[in-house]
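Shown below: my_file-v6.txt, with compact mmCIF, C-alpha atoms.
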```txt
# COMPACT_ATOMS: atom_id res chain seq x y z
CA MET V 300 -20.72 72.29 29.09
CA ALA V 301 -17.47 72.83 31.00
CA GLU V 302 -17.04 76.22 32.66
CA SER V 303 -15.09 78.52 30.38
CA GLU V 304 -11.75 80.04 31.37
CA ILE V 305 -13.27 83.52 31.19
CA ASP V 306 -16.06 82.58 33.61
CA ARG V 307 -13.48 81.24 36.02
CA LEU V 308 -11.42 84.45 35.75
CA VAL V 309 -14.52 86.60 36.30
CA GLN V 310 -15.52 84.58 39.38
CA LEU V 311 -12.06 85.02 40.93
CA LEU V 312 -11.89 88.74 40.13
CA ALA V 313 -15.33 89.21 41.71
CA LYS V 314 -13.85 88.00 45.02
CA LEU V 315 -11.59 91.07 45.22
CA PRO V 316 -12.87 93.79 47.56
CA GLY V 317 -14.34 96.63 45.51
CA LEU V 318 -15.22 94.48 42.49
CA GLY V 319 -18.74 93.10 42.08
CA PRO V 320 -19.87 90.66 39.37
CA ARG V 321 -20.40 93.42 36.80
CA SER V 322 -17.09 95.21 37.34
CA ALA V 323 -15.32 91.83 37.45
CA ARG V 324 -16.66 91.14 33.95
CA ARG V 325 -15.46 94.54 32.77
CA ALA V 326 -12.06 93.91 34.35
CA ALA V 327 -11.77 90.47 32.71
CA LEU V 328 -12.55 91.88 29.24
CA HIS V 329 -10.12 94.73 29.84
CA LEU V 330 -7.41 92.24 30.83
CA ILE V 331 -7.95 90.10 27.74
CA LYS V 332 -7.88 93.19 25.51
CA LYS V 333 -4.57 94.26 27.07
CA ARG V 334 -3.08 90.78 26.94
CA GLU V 335 0.54 91.90 26.52
CA THR V 336 0.61 95.07 28.60
CA LEU V 337 -1.61 94.11 31.54
CA LEU V 338 -2.74 90.48 31.69
CA GLY V 339 0.74 88.96 31.39
CA PRO V 340 2.45 91.41 33.77
CA LEU V 341 -0.35 91.03 36.34
CA ALA V 342 -0.06 87.23 36.27
CA ASP V 343 3.71 87.56 36.74
CA ALA V 344 3.32 90.08 39.57
CA LEU V 345 0.86 87.77 41.35
CA ASN V 346 3.21 84.82 41.05
CA ARG V 347 6.18 86.85 42.27
CA ALA V 348 4.17 88.30 45.16
CA ALA V 349 3.06 84.78 46.16
CA GLU V 350 6.69 83.68 46.25
CA THR V 351 8.47 86.68 47.74
CA VAL V 352 6.08 88.73 49.88
CA HIS V 353 5.97 87.65 53.52
CA PRO V 354 5.26 89.27 56.89
CA CYS V 355 8.27 90.91 58.52
CA SER V 356 9.34 88.76 61.50
CA GLN V 357 9.97 91.94 63.52
CA CYS V 358 6.98 94.22 62.92
CA GLY V 359 4.47 92.22 60.84
CA ASN V 360 4.63 94.53 57.80
CA LEU V 361 4.45 92.83 54.38
CA ASP V 362 7.54 93.10 52.21
CA ASP V 363 9.71 91.05 49.88
CA HIS V 364 12.60 90.95 52.33
CA ASP V 365 12.73 90.18 56.04
CA PRO V 366 13.18 92.32 58.13
CA CYS V 367 11.13 94.73 56.04
CA GLY V 368 12.21 98.02 54.49
CA VAL V 369 10.85 100.06 57.41
CA CYS V 370 12.65 97.96 60.05
CA THR V 371 15.98 98.06 58.18
CA ASP V 372 15.87 101.78 57.29
CA VAL V 373 18.63 103.30 59.45
CA ARG V 374 17.24 106.81 58.97
CA ARG V 375 14.16 105.86 60.97
CA ASP V 376 13.91 106.45 64.71
CA GLY V 377 14.04 103.09 66.50
CA SER V 378 12.98 104.55 69.84
CA THR V 379 9.31 104.97 68.82
CA ILE V 380 6.98 102.14 67.84
CA CYS V 381 3.58 102.88 66.32
CA VAL V 382 1.10 100.04 66.87
CA VAL V 383 -1.46 99.56 64.08
CA GLU V 384 -4.16 96.97 63.43
CA GLU V 385 -3.40 96.08 59.82
CA VAL V 386 -0.75 96.60 57.15
CA ALA V 387 -3.20 98.93 55.37
CA ASP V 388 -3.04 101.27 58.40
CA LEU V 389 0.76 101.25 58.24
CA TRP V 390 0.56 102.21 54.56
CA ALA V 391 -1.91 105.00 55.37
CA LEU V 392 0.49 106.47 57.94
CA GLU V 393 3.42 106.12 55.52
CA ARG V 394 1.48 108.05 52.87
CA GLY V 395 1.16 110.85 55.41
CA ALA V 396 4.99 110.92 55.46
CA VAL V 397 5.04 112.53 58.92
CA TYR V 398 5.91 109.59 61.14
CA THR V 399 9.56 108.51 61.06
CA GLY V 400 9.65 105.81 63.75
CA ARG V 401 9.02 102.10 63.40
CA TYR V 402 5.77 100.10 63.40
CA HIS V 403 4.16 97.04 64.90
CA VAL V 404 1.27 95.38 63.06
CA LEU V 405 -1.14 93.54 65.39
CA GLY V 406 -2.95 91.65 62.64
CA GLY V 407 -6.41 92.63 63.87
CA THR V 408 -8.18 93.58 67.10
CA LEU V 409 -9.42 91.71 70.12
CA SER V 410 -13.01 90.67 69.47
CA ALA V 411 -15.20 88.58 71.71
CA ILE V 412 -17.78 88.11 68.93
CA ASP V 413 -15.24 86.83 66.39
CA GLY V 414 -13.38 84.86 69.06
CA VAL V 415 -10.10 86.77 68.62
CA GLY V 416 -8.03 86.64 71.82
CA PRO V 417 -4.63 88.16 72.70
CA GLU V 418 -2.86 85.00 71.56
CA ASP V 419 -4.20 85.49 68.01
CA LEU V 420 -2.55 88.92 67.70
CA ASN V 421 1.13 89.96 67.65
CA ILE V 422 0.97 91.28 71.20
CA ASP V 423 3.63 89.10 72.87
CA SER V 424 6.21 90.22 70.30
CA LEU V 425 5.20 93.85 70.95
CA VAL V 426 5.76 93.43 74.71
CA ARG V 427 9.20 91.94 73.94
CA ARG V 428 10.08 94.83 71.62
CA ALA V 429 8.84 97.40 74.16
CA SER V 430 11.23 96.06 76.82
CA ALA V 431 14.26 96.69 74.60
CA ASP V 432 16.56 99.38 75.98
CA ASP V 433 16.34 101.81 73.09
CA VAL V 434 12.50 101.96 72.91
CA THR V 435 11.08 104.99 74.73
CA GLU V 436 7.56 105.47 73.33
CA ILE V 437 4.72 103.27 72.08
CA ILE V 438 2.03 105.07 70.04
CA LEU V 439 -1.25 103.12 69.98
CA ALA V 440 -2.76 103.89 66.55
CA THR V 441 -5.57 101.33 66.55
CA ASN V 442 -8.85 102.45 64.99
CA ALA V 443 -11.19 104.65 67.03
CA THR V 444 -13.75 101.81 67.11
CA VAL V 445 -14.91 99.83 70.11
CA ASP V 446 -12.70 96.85 69.22
CA GLY V 447 -9.73 99.10 68.41
CA GLN V 448 -10.00 100.93 71.73
CA THR V 449 -10.50 97.71 73.71
CA THR V 450 -7.31 96.41 72.13
CA ALA V 451 -5.47 99.65 72.96
CA HIS V 452 -6.54 99.40 76.62
CA TYR V 453 -5.47 95.76 76.80
CA ILE V 454 -2.05 96.62 75.35
CA THR V 455 -1.66 99.51 77.82
CA ASP V 456 -2.23 97.01 80.65
CA ARG V 457 0.24 94.53 79.21
CA LEU V 458 2.91 97.24 78.81
CA SER V 459 2.51 98.58 82.37
CA GLY V 460 5.71 96.77 83.38
CA ALA V 461 7.83 98.15 80.56
CA ASN V 462 9.58 101.46 81.10
CA VAL V 463 8.02 103.27 78.11
CA LYS V 464 5.73 106.20 77.49
CA ILE V 465 2.40 105.07 75.98
CA SER V 466 0.39 107.50 73.85
CA ARG V 467 -2.55 107.40 71.48
CA LEU V 468 -3.62 109.44 68.44
CA ALA V 469 -5.51 112.69 69.14
CA ARG V 470 -9.31 112.76 68.75
CA GLY V 471 -10.95 115.78 67.20
CA VAL V 472 -12.39 117.45 64.15
CA PRO V 473 -10.81 116.01 60.97
CA VAL V 474 -9.08 118.52 58.69
CA GLY V 475 -11.72 119.91 56.30
CA GLY V 476 -14.51 118.59 58.54
CA GLU V 477 -17.73 120.54 59.02
CA LEU V 478 -19.16 120.55 62.55
CA ASP V 479 -22.71 120.07 61.27
CA TYR V 480 -21.79 116.69 59.77
CA LEU V 481 -19.78 115.32 62.71
CA ASP V 482 -21.18 112.84 65.21
CA ASP V 483 -21.75 113.86 68.84
CA GLY V 484 -18.89 111.68 70.13
CA THR V 485 -16.31 113.39 67.94
CA LEU V 486 -17.59 116.84 68.84
CA ALA V 487 -17.51 116.04 72.56
CA ALA V 488 -13.95 114.68 72.24
CA ALA V 489 -12.82 117.75 70.28
CA LEU V 490 -14.35 120.09 72.86
CA LYS V 491 -12.81 118.21 75.77
CA ALA V 492 -9.35 118.24 74.18
CA ARG V 493 -9.55 121.89 73.08
CA ARG V 494 -6.32 123.82 72.89
CA GLU V 495 -5.42 127.46 73.44
CA MET V 496 -4.97 129.50 70.25
CA MET P 248 15.55 101.45 46.90
CA ALA P 249 14.15 99.01 44.37
CA GLU P 250 10.39 99.04 43.89
CA SER P 251 8.82 96.36 46.06
CA GLU P 252 6.79 93.50 44.59
CA ILE P 253 3.71 94.74 46.43
CA ASP P 254 4.00 98.21 44.90
CA ARG P 255 4.26 96.65 41.47
CA LEU P 256 1.17 94.51 42.13
CA VAL P 257 -0.79 97.52 43.39
CA GLN P 258 0.17 99.58 40.32
CA LEU P 259 -1.04 96.83 37.97
CA LEU P 260 -4.28 96.26 39.89
CA ALA P 261 -4.96 100.02 39.78
CA LYS P 262 -5.05 99.79 35.98
CA LEU P 263 -8.18 97.63 36.10
CA PRO P 264 -11.40 99.51 35.38
CA GLY P 265 -13.28 100.10 38.62
CA LEU P 266 -10.20 99.98 40.86
CA GLY P 267 -8.48 103.21 41.92
CA PRO P 268 -5.21 103.45 43.85
CA ARG P 269 -6.89 102.97 47.23
CA SER P 270 -9.02 99.98 46.26
CA ALA P 271 -6.02 98.47 44.43
CA ARG P 272 -4.09 98.58 47.71
CA ARG P 273 -7.00 96.91 49.51
CA ALA P 274 -7.20 94.28 46.78
CA ALA P 275 -3.45 93.57 46.97
CA LEU P 276 -3.56 93.09 50.75
CA HIS P 277 -6.64 90.89 50.40
CA LEU P 278 -4.85 88.78 47.79
CA ILE P 279 -1.77 88.31 49.97
CA LYS P 280 -3.93 87.41 52.95
CA LYS P 281 -5.73 84.78 50.86
CA ARG P 282 -2.55 83.45 49.30
CA GLU P 283 -3.76 79.88 48.84
CA THR P 284 -7.43 80.38 48.08
CA LEU P 285 -7.32 83.49 45.88
CA LEU P 286 -3.86 84.75 44.88
CA GLY P 287 -2.62 81.42 43.49
CA PRO P 288 -5.86 80.52 41.66
CA LEU P 289 -6.12 84.04 40.20
CA ALA P 290 -2.55 83.90 38.86
CA ASP P 291 -3.32 80.49 37.32
CA ALA P 292 -6.59 81.73 35.81
CA LEU P 293 -4.81 84.73 34.27
CA ASN P 294 -2.12 82.53 32.76
CA ARG P 295 -4.67 80.07 31.40
CA ALA P 296 -6.83 82.90 29.99
CA ALA P 297 -3.76 84.41 28.30
CA GLU P 298 -3.04 81.08 26.64
CA THR P 299 -6.47 79.80 25.75
CA VAL P 300 -8.94 82.69 25.36
CA HIS P 301 -9.10 84.08 21.82
CA PRO P 302 -11.68 85.84 19.65
CA CYS P 303 -13.99 83.51 17.73
CA SER P 304 -13.01 83.62 14.05
CA GLN P 305 -16.70 83.58 13.10
CA CYS P 306 -18.42 86.11 15.39
CA GLY P 307 -15.65 87.82 17.41
CA ASN P 308 -16.87 86.56 20.80
CA LEU P 309 -14.14 85.62 23.29
CA ASP P 310 -13.93 81.96 24.27
CA ASP P 311 -11.40 79.20 24.91
CA HIS P 312 -12.34 77.33 21.77
CA ASP P 313 -12.85 78.50 18.19
CA PRO P 314 -15.57 78.70 16.91
CA CYS P 315 -17.01 79.84 20.24
CA GLY P 316 -19.70 78.18 22.36
CA VAL P 317 -22.46 80.37 20.89
CA CYS P 318 -21.48 79.66 17.26
CA THR P 319 -21.24 75.89 17.81
CA ASP P 320 -24.43 75.54 19.90
CA VAL P 321 -26.79 73.63 17.57
CA ARG P 322 -29.83 74.64 19.64
CA ARG P 323 -29.35 78.27 18.57
CA ASP P 324 -31.10 79.76 15.56
CA GLY P 325 -28.50 80.39 12.83
CA SER P 326 -30.89 82.47 10.71
CA THR P 327 -30.66 85.54 12.96
CA ILE P 328 -27.47 87.51 13.69
CA CYS P 329 -27.42 90.14 16.43
CA VAL P 330 -24.72 92.77 15.81
CA VAL P 331 -23.14 94.24 18.99
CA GLU P 332 -20.27 96.64 19.61
CA GLU P 333 -18.32 94.72 22.22
CA VAL P 334 -18.16 91.29 23.86
CA ALA P 335 -19.59 92.91 27.03
CA ASP P 336 -22.79 93.70 25.09
CA LEU P 337 -23.03 90.08 23.95
CA TRP P 338 -22.70 88.96 27.57
CA ALA P 339 -25.40 91.45 28.63
CA LEU P 340 -27.84 90.02 26.03
CA GLU P 341 -26.94 86.46 27.07
CA ARG P 342 -27.74 87.30 30.69
CA GLY P 343 -31.17 88.38 29.49
CA ALA P 344 -31.58 84.80 28.18
CA VAL P 345 -34.22 85.88 25.66
CA TYR P 346 -32.24 85.92 22.43
CA THR P 347 -31.50 82.52 20.91
CA GLY P 348 -29.83 83.46 17.62
CA ARG P 349 -26.16 84.07 16.90
CA TYR P 350 -24.03 87.18 17.34
CA HIS P 351 -21.49 89.32 15.52
CA VAL P 352 -19.10 91.48 17.57
CA LEU P 353 -17.92 94.61 15.72
CA GLY P 354 -15.10 95.42 18.13
CA GLY P 355 -16.15 99.07 18.54
CA THR P 356 -17.95 101.81 16.61
CA LEU P 357 -17.07 104.09 13.73
CA SER P 358 -15.59 107.26 15.18
CA ALA P 359 -14.16 110.18 13.25
CA ILE P 360 -12.61 111.66 16.41
CA ASP P 361 -10.79 108.46 17.36
CA GLY P 362 -9.94 107.69 13.73
CA VAL P 363 -11.87 104.40 13.65
CA GLY P 364 -12.95 103.57 10.08
CA PRO P 365 -14.95 100.63 8.67
CA GLU P 366 -11.73 98.68 8.00
CA ASP P 367 -10.95 98.70 11.76
CA LEU P 368 -14.21 96.91 12.62
CA ASN P 369 -15.46 93.40 11.79
CA ILE P 370 -17.85 94.72 9.12
CA ASP P 371 -16.56 92.87 6.04
CA SER P 372 -16.98 89.54 7.81
CA LEU P 373 -20.54 90.56 8.79
CA VAL P 374 -21.40 91.33 5.16
CA ARG P 375 -20.03 87.90 4.17
CA ARG P 376 -22.07 86.17 6.88
CA ALA P 377 -25.20 88.11 5.91
CA SER P 378 -25.01 86.83 2.33
CA ALA P 379 -25.12 83.21 3.47
CA ASP P 380 -28.29 81.41 2.37
CA ASP P 381 -29.63 80.54 5.81
CA VAL P 382 -29.41 84.07 7.30
CA THR P 383 -32.74 85.91 7.20
CA GLU P 384 -32.45 88.72 9.76
CA ILE P 385 -29.74 91.03 11.08
CA ILE P 386 -30.57 92.80 14.39
CA LEU P 387 -28.44 95.92 14.91
CA ALA P 388 -27.93 96.13 18.68
CA THR P 389 -25.29 98.86 18.77
CA ASN P 390 -25.58 101.36 21.63
CA ALA P 391 -28.12 104.18 21.36
CA THR P 392 -25.27 106.71 21.20
CA VAL P 393 -24.28 108.93 18.28
CA ASP P 394 -21.36 106.64 17.34
CA GLY P 395 -23.45 103.51 17.80
CA GLN P 396 -26.23 104.82 15.58
CA THR P 397 -23.80 106.10 12.93
CA THR P 398 -22.33 102.62 12.81
CA ALA P 399 -25.80 101.06 12.55
CA HIS P 400 -26.66 103.32 9.59
CA TYR P 401 -23.37 102.52 7.86
CA ILE P 402 -23.99 98.77 8.27
CA THR P 403 -27.55 99.16 6.93
CA ASP P 404 -26.07 100.74 3.80
CA ARG P 405 -23.46 98.03 3.40
CA LEU P 406 -26.10 95.30 3.76
CA SER P 407 -28.48 96.83 1.21
CA GLY P 408 -27.38 94.25 -1.39
CA ALA P 409 -27.91 91.23 0.88
CA ASN P 410 -31.35 89.65 0.91
CA VAL P 411 -31.96 90.01 4.67
CA LYS P 412 -34.35 91.83 6.96
CA ILE P 413 -32.52 94.49 9.02
CA SER P 414 -33.95 95.56 12.39
CA ARG P 415 -32.83 97.51 15.45
CA LEU P 416 -33.71 97.38 19.15
CA ALA P 417 -36.84 99.27 20.27
CA ARG P 418 -36.47 102.71 21.92
CA GLY P 419 -38.67 103.60 24.83
CA VAL P 420 -39.15 103.84 28.57
CA PRO P 421 -36.88 101.31 30.35
CA VAL P 422 -38.65 98.81 32.63
CA GLY P 423 -38.96 100.41 36.08
CA GLY P 424 -38.21 103.85 34.61
CA GLU P 425 -39.95 106.96 35.92
CA LEU P 426 -40.99 109.50 33.32
CA ASP P 427 -39.82 112.42 35.45
CA TYR P 428 -36.23 111.16 35.34
CA LEU P 429 -36.08 110.34 31.61
CA ASP P 430 -34.45 112.63 29.06
CA ASP P 431 -36.56 114.34 26.40
CA GLY P 432 -35.16 112.22 23.58
CA THR P 433 -36.24 108.96 25.20
CA LEU P 434 -39.69 110.35 26.00
CA ALA P 435 -40.15 111.57 22.43
CA ALA P 436 -39.06 108.19 21.07
CA ALA P 437 -41.39 106.33 23.44
CA LEU P 438 -44.33 108.57 22.46
CA LYS P 439 -43.65 108.19 18.74
CA ALA P 440 -43.41 104.40 18.99
CA ARG P 441 -46.49 104.06 21.25
CA ARG P 442 -48.51 100.89 20.99
CA GLU P 443 -52.19 100.09 21.43
CA MET P 444 -53.09 98.49 24.78
```
Would you write the structure of this file as structure tokens?
Amino acid sequence: MAESEIDRLVQLLAKLPGLGPRSARRAALHLIKKRETLLGPLADALNRAAETVHPCSQCGNLDDHDPCGVCTDVRRDGSTICVVEEVADLWALERGAVYTGRYHVLGGTLSAIDGVGPEDLNIDSLVRRASADDVTEIILATNATVDGQTTAHYITDRLSGANVKISRLARGVPVGGELDYLDDGTLAAALKARREM
Amino acid sequence: MAESEIDRLVQLLAKLPGLGPRSARRAALHLIKKRETLLGPLADALNRAAETVHPCSQCGNLDDHDPCGVCTDVRRDGSTICVVEEVADLWALERGAVYTGRYHVLGGTLSAIDGVGPEDLNIDSLVRRASADDVTEIILATNATVDGQTTAHYITDRLSGANVKISRLARGVPVGGELDYLDDGTLAAALKARREM
């Protein structure tokens, strides 16, 4: 018997992060129940996203115009560039609504195991942007993982020629964090970087 | 600023059961990263499902042909009809691969609170099917909830005129279940329905 259209839909939904086989089945039934209000619009949104959403040629953010909304927003401070690993990190910082500069999305981290070298990441374009006259500070906001920190150190080296200040995010106790549940590394970093009250 | 295509995609994905706002964002980024292998095929599968998948006019199962694959499978026993609330329940029983009869999907349960009456469910068609000559047993496999059991009792009443055996699923300790974690109702039911070794 040929594979049914529902089976095919379930198999594709199960490939989404966060959906296993069981929740993919639930999602497929939900979609077919809401044919007009959800299934149709979602199919349209997917098609439109496939056509219109592309990486920004300047910063690597995903948007339906190029340069992206962040790069073209004149209210944002062009003198600061925040370097992040992935678009998801950019979104996380935007949700915080504290940072008003621009971004640069690397597209991953250096990784010897996965064979990711500097030429696989958007590092050359970052060096070019950093040498522009109006850029004064580069904030390295890669993840606090081994790969993220290796990448941050590599970028610091590469930017040594550019006349910019290079900073990184603070390490310490997360807001709402309980000391008893924190790892030793975080506690040591928080103690080392303690500040006067 | 107009809403971006990505935001629209994220909002629609977040309406799927099992995906919250954060996992919908992850899913959207994953889809855009896998434009060729996942985003395109998923959009196609949604469009095809919207066109071709419809409820079976006989049993209420969802399939891309009518009558559905279960109703047209000649290897299945047409003398037994298993009554379930939703298509998901039918799929769950099919995964078990033990039941070889046919099904009838009610499309929900009677519910005074939600204003669901007998006319909103596929009960009339069940009564018609039950009066057919070749049907000998109706298995009521509604959920073991108050609404599910109310519905089962109502159907038993409605089928009193038809010359069929009416049964329900056994209650008891689930396979792998530990007594200490079971509720009193299940334990009482299991004790009452005990069987000789």
Using all atoms listed in the file, which residues sit within 6 Å of stretch 372-384 of chain V once same-chain residues fewer than 6 positions away are excluded, as a VMD selection string? chain V and resid 399 to 407 433 to 441
Determine, using only C-alpha atoms, which residues of chain V have any atom at most 6 Å from an atom of chain P, and tabulate each with its shortest atom pair and distance in Å to one decimal place, rows ordered by chain and then rising number, as CSV.
```
residue,atom,partner,partner_atom,distance
V:Glu304,CA,P:Ala296,CA,5.9
V:Leu308,CA,P:Ala292,CA,5.5
V:Leu315,CA,P:Ala274,CA,5.7
V:Pro316,CA,P:Ala274,CA,5.7
V:Ala326,CA,P:Leu263,CA,5.7
V:Ala342,CA,P:Ala290,CA,4.9
V:Ala344,CA,P:Leu256,CA,5.5
V:Leu345,CA,P:Ala290,CA,5.7
V:Ala348,CA,P:Glu252,CA,5.9
```
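Here atom CA of V:Ser356 and atom CA of V:Val445 stand 28.0 Å from one another.
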Axis-aligned box for all listed atoms of stretch 354-364 of chain P, 4 Å per side, centre and edges in Å to one decimal, as lines of an AutoDock Vina configuration file:
```
center_x = -13.9
center_y = 103.5
center_z = 14.3
size_x = 16.0
size_y = 24.2
size_z = 16.5
```
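Nearest to P:Leu426 of all the residues P:Thr398, P:Leu438, P:Arg342, P:Asn308 is P:Leu438, based on all atoms listed in the file.
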Distance query V:Asp456 at most 12 Å, only C-alpha atoms, self and fewer than 6 positions along chain excluded, as number ranges by chain: V: 422, 426, 449-450, 465
Pick from V:Val397, V:Ser410, V:Pro473, V:Met496: nearest to V:Thr444, with only C-alpha atoms counted? V:Ser410
Rounded to one decimal place, report the atom CA of V:Asp483-atom CA of V:Gly471 distance in Å. 11.1 Å
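For the pair atom CA of P:Ala391 and atom CA of P:Asn410, the interatomic distance is 25.3 Å.
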Place N, CA, C and O atoms on stretch 262-276 of chain P and deliver the coordinates as a PDB file, in the coordinates of the input.
```
ATOM      1  N   LYS P 262      -4.733  99.559  37.393  1.00  0.00           N
ATOM      2  CA  LYS P 262      -5.050  99.790  35.980  1.00  0.00           C
ATOM      3  C   LYS P 262      -6.349  99.119  35.564  1.00  0.00           C
ATOM      4  O   LYS P 262      -6.831  99.335  34.458  1.00  0.00           O
ATOM      5  N   LEU P 263      -6.907  98.277  36.432  1.00  0.00           N
ATOM      6  CA  LEU P 263      -8.180  97.630  36.100  1.00  0.00           C
ATOM      7  C   LEU P 263      -9.299  98.651  36.185  1.00  0.00           C
ATOM      8  O   LEU P 263      -9.288  99.503  37.069  1.00  0.00           O
ATOM      9  N   PRO P 264     -10.281  98.587  35.268  1.00  0.00           N
ATOM     10  CA  PRO P 264     -11.400  99.510  35.380  1.00  0.00           C
ATOM     11  C   PRO P 264     -12.163  99.233  36.668  1.00  0.00           C
ATOM     12  O   PRO P 264     -12.357  98.080  37.026  1.00  0.00           O
ATOM     13  N   GLY P 265     -12.528 100.275  37.381  1.00  0.00           N
ATOM     14  CA  GLY P 265     -13.280 100.100  38.620  1.00  0.00           C
ATOM     15  C   GLY P 265     -12.412 100.071  39.853  1.00  0.00           C
ATOM     16  O   GLY P 265     -12.920 100.121  40.963  1.00  0.00           O
ATOM     17  N   LEU P 266     -11.093  99.955  39.694  1.00  0.00           N
ATOM     18  CA  LEU P 266     -10.200  99.980  40.860  1.00  0.00           C
ATOM     19  C   LEU P 266      -9.315 101.239  40.785  1.00  0.00           C
ATOM     20  O   LEU P 266      -8.603 101.434  39.806  1.00  0.00           O
ATOM     21  N   GLY P 267      -9.375 102.076  41.818  1.00  0.00           N
ATOM     22  CA  GLY P 267      -8.480 103.210  41.920  1.00  0.00           C
ATOM     23  C   GLY P 267      -7.273 102.824  42.752  1.00  0.00           C
ATOM     24  O   GLY P 267      -7.143 101.670  43.142  1.00  0.00           O
ATOM     25  N   PRO P 268      -6.397 103.774  43.065  1.00  0.00           N
ATOM     26  CA  PRO P 268      -5.210 103.450  43.850  1.00  0.00           C
ATOM     27  C   PRO P 268      -5.546 102.852  45.213  1.00  0.00           C
ATOM     28  O   PRO P 268      -4.950 101.886  45.652  1.00  0.00           O
ATOM     29  N   ARG P 269      -6.573 103.428  45.881  1.00  0.00           N
ATOM     30  CA  ARG P 269      -6.890 102.970  47.230  1.00  0.00           C
ATOM     31  C   ARG P 269      -7.485 101.559  47.202  1.00  0.00           C
ATOM     32  O   ARG P 269      -7.094 100.691  47.992  1.00  0.00           O
ATOM     33  N   SER P 270      -8.419 101.313  46.288  1.00  0.00           N
ATOM     34  CA  SER P 270      -9.020  99.980  46.260  1.00  0.00           C
ATOM     35  C   SER P 270      -8.024  98.955  45.716  1.00  0.00           C
ATOM     36  O   SER P 270      -8.093  97.779  46.066  1.00  0.00           O
ATOM     37  N   ALA P 271      -7.068  99.389  44.898  1.00  0.00           N
ATOM     38  CA  ALA P 271      -6.020  98.470  44.430  1.00  0.00           C
ATOM     39  C   ALA P 271      -5.150  98.031  45.605  1.00  0.00           C
ATOM     40  O   ALA P 271      -4.755  96.864  45.699  1.00  0.00           O
ATOM     41  N   ARG P 272      -4.864  98.952  46.522  1.00  0.00           N
ATOM     42  CA  ARG P 272      -4.090  98.580  47.710  1.00  0.00           C
ATOM     43  C   ARG P 272      -4.866  97.578  48.550  1.00  0.00           C
ATOM     44  O   ARG P 272      -4.305  96.575  49.020  1.00  0.00           O
ATOM     45  N   ARG P 273      -6.173  97.854  48.743  1.00  0.00           N
ATOM     46  CA  ARG P 273      -7.000  96.910  49.510  1.00  0.00           C
ATOM     47  C   ARG P 273      -7.010  95.541  48.849  1.00  0.00           C
ATOM     48  O   ARG P 273      -6.911  94.509  49.510  1.00  0.00           O
ATOM     49  N   ALA P 274      -7.142  95.550  47.516  1.00  0.00           N
ATOM     50  CA  ALA P 274      -7.200  94.280  46.780  1.00  0.00           C
ATOM     51  C   ALA P 274      -5.888  93.518  46.934  1.00  0.00           C
ATOM     52  O   ALA P 274      -5.891  92.297  47.139  1.00  0.00           O
ATOM     53  N   ALA P 275      -4.753  94.241  46.863  1.00  0.00           N
ATOM     54  CA  ALA P 275      -3.450  93.570  46.970  1.00  0.00           C
ATOM     55  C   ALA P 275      -3.290  92.926  48.345  1.00  0.00           C
ATOM     56  O   ALA P 275      -2.862  91.771  48.459  1.00  0.00           O
ATOM     57  N   LEU P 276      -3.665  93.659  49.403  1.00  0.00           N
ATOM     58  CA  LEU P 276      -3.560  93.090  50.750  1.00  0.00           C
ATOM     59  C   LEU P 276      -4.478  91.890  50.909  1.00  0.00           C
ATOM     60  O   LEU P 276      -4.106  90.881  51.520  1.00  0.00           O
TER      61      LEU P 276
END
```
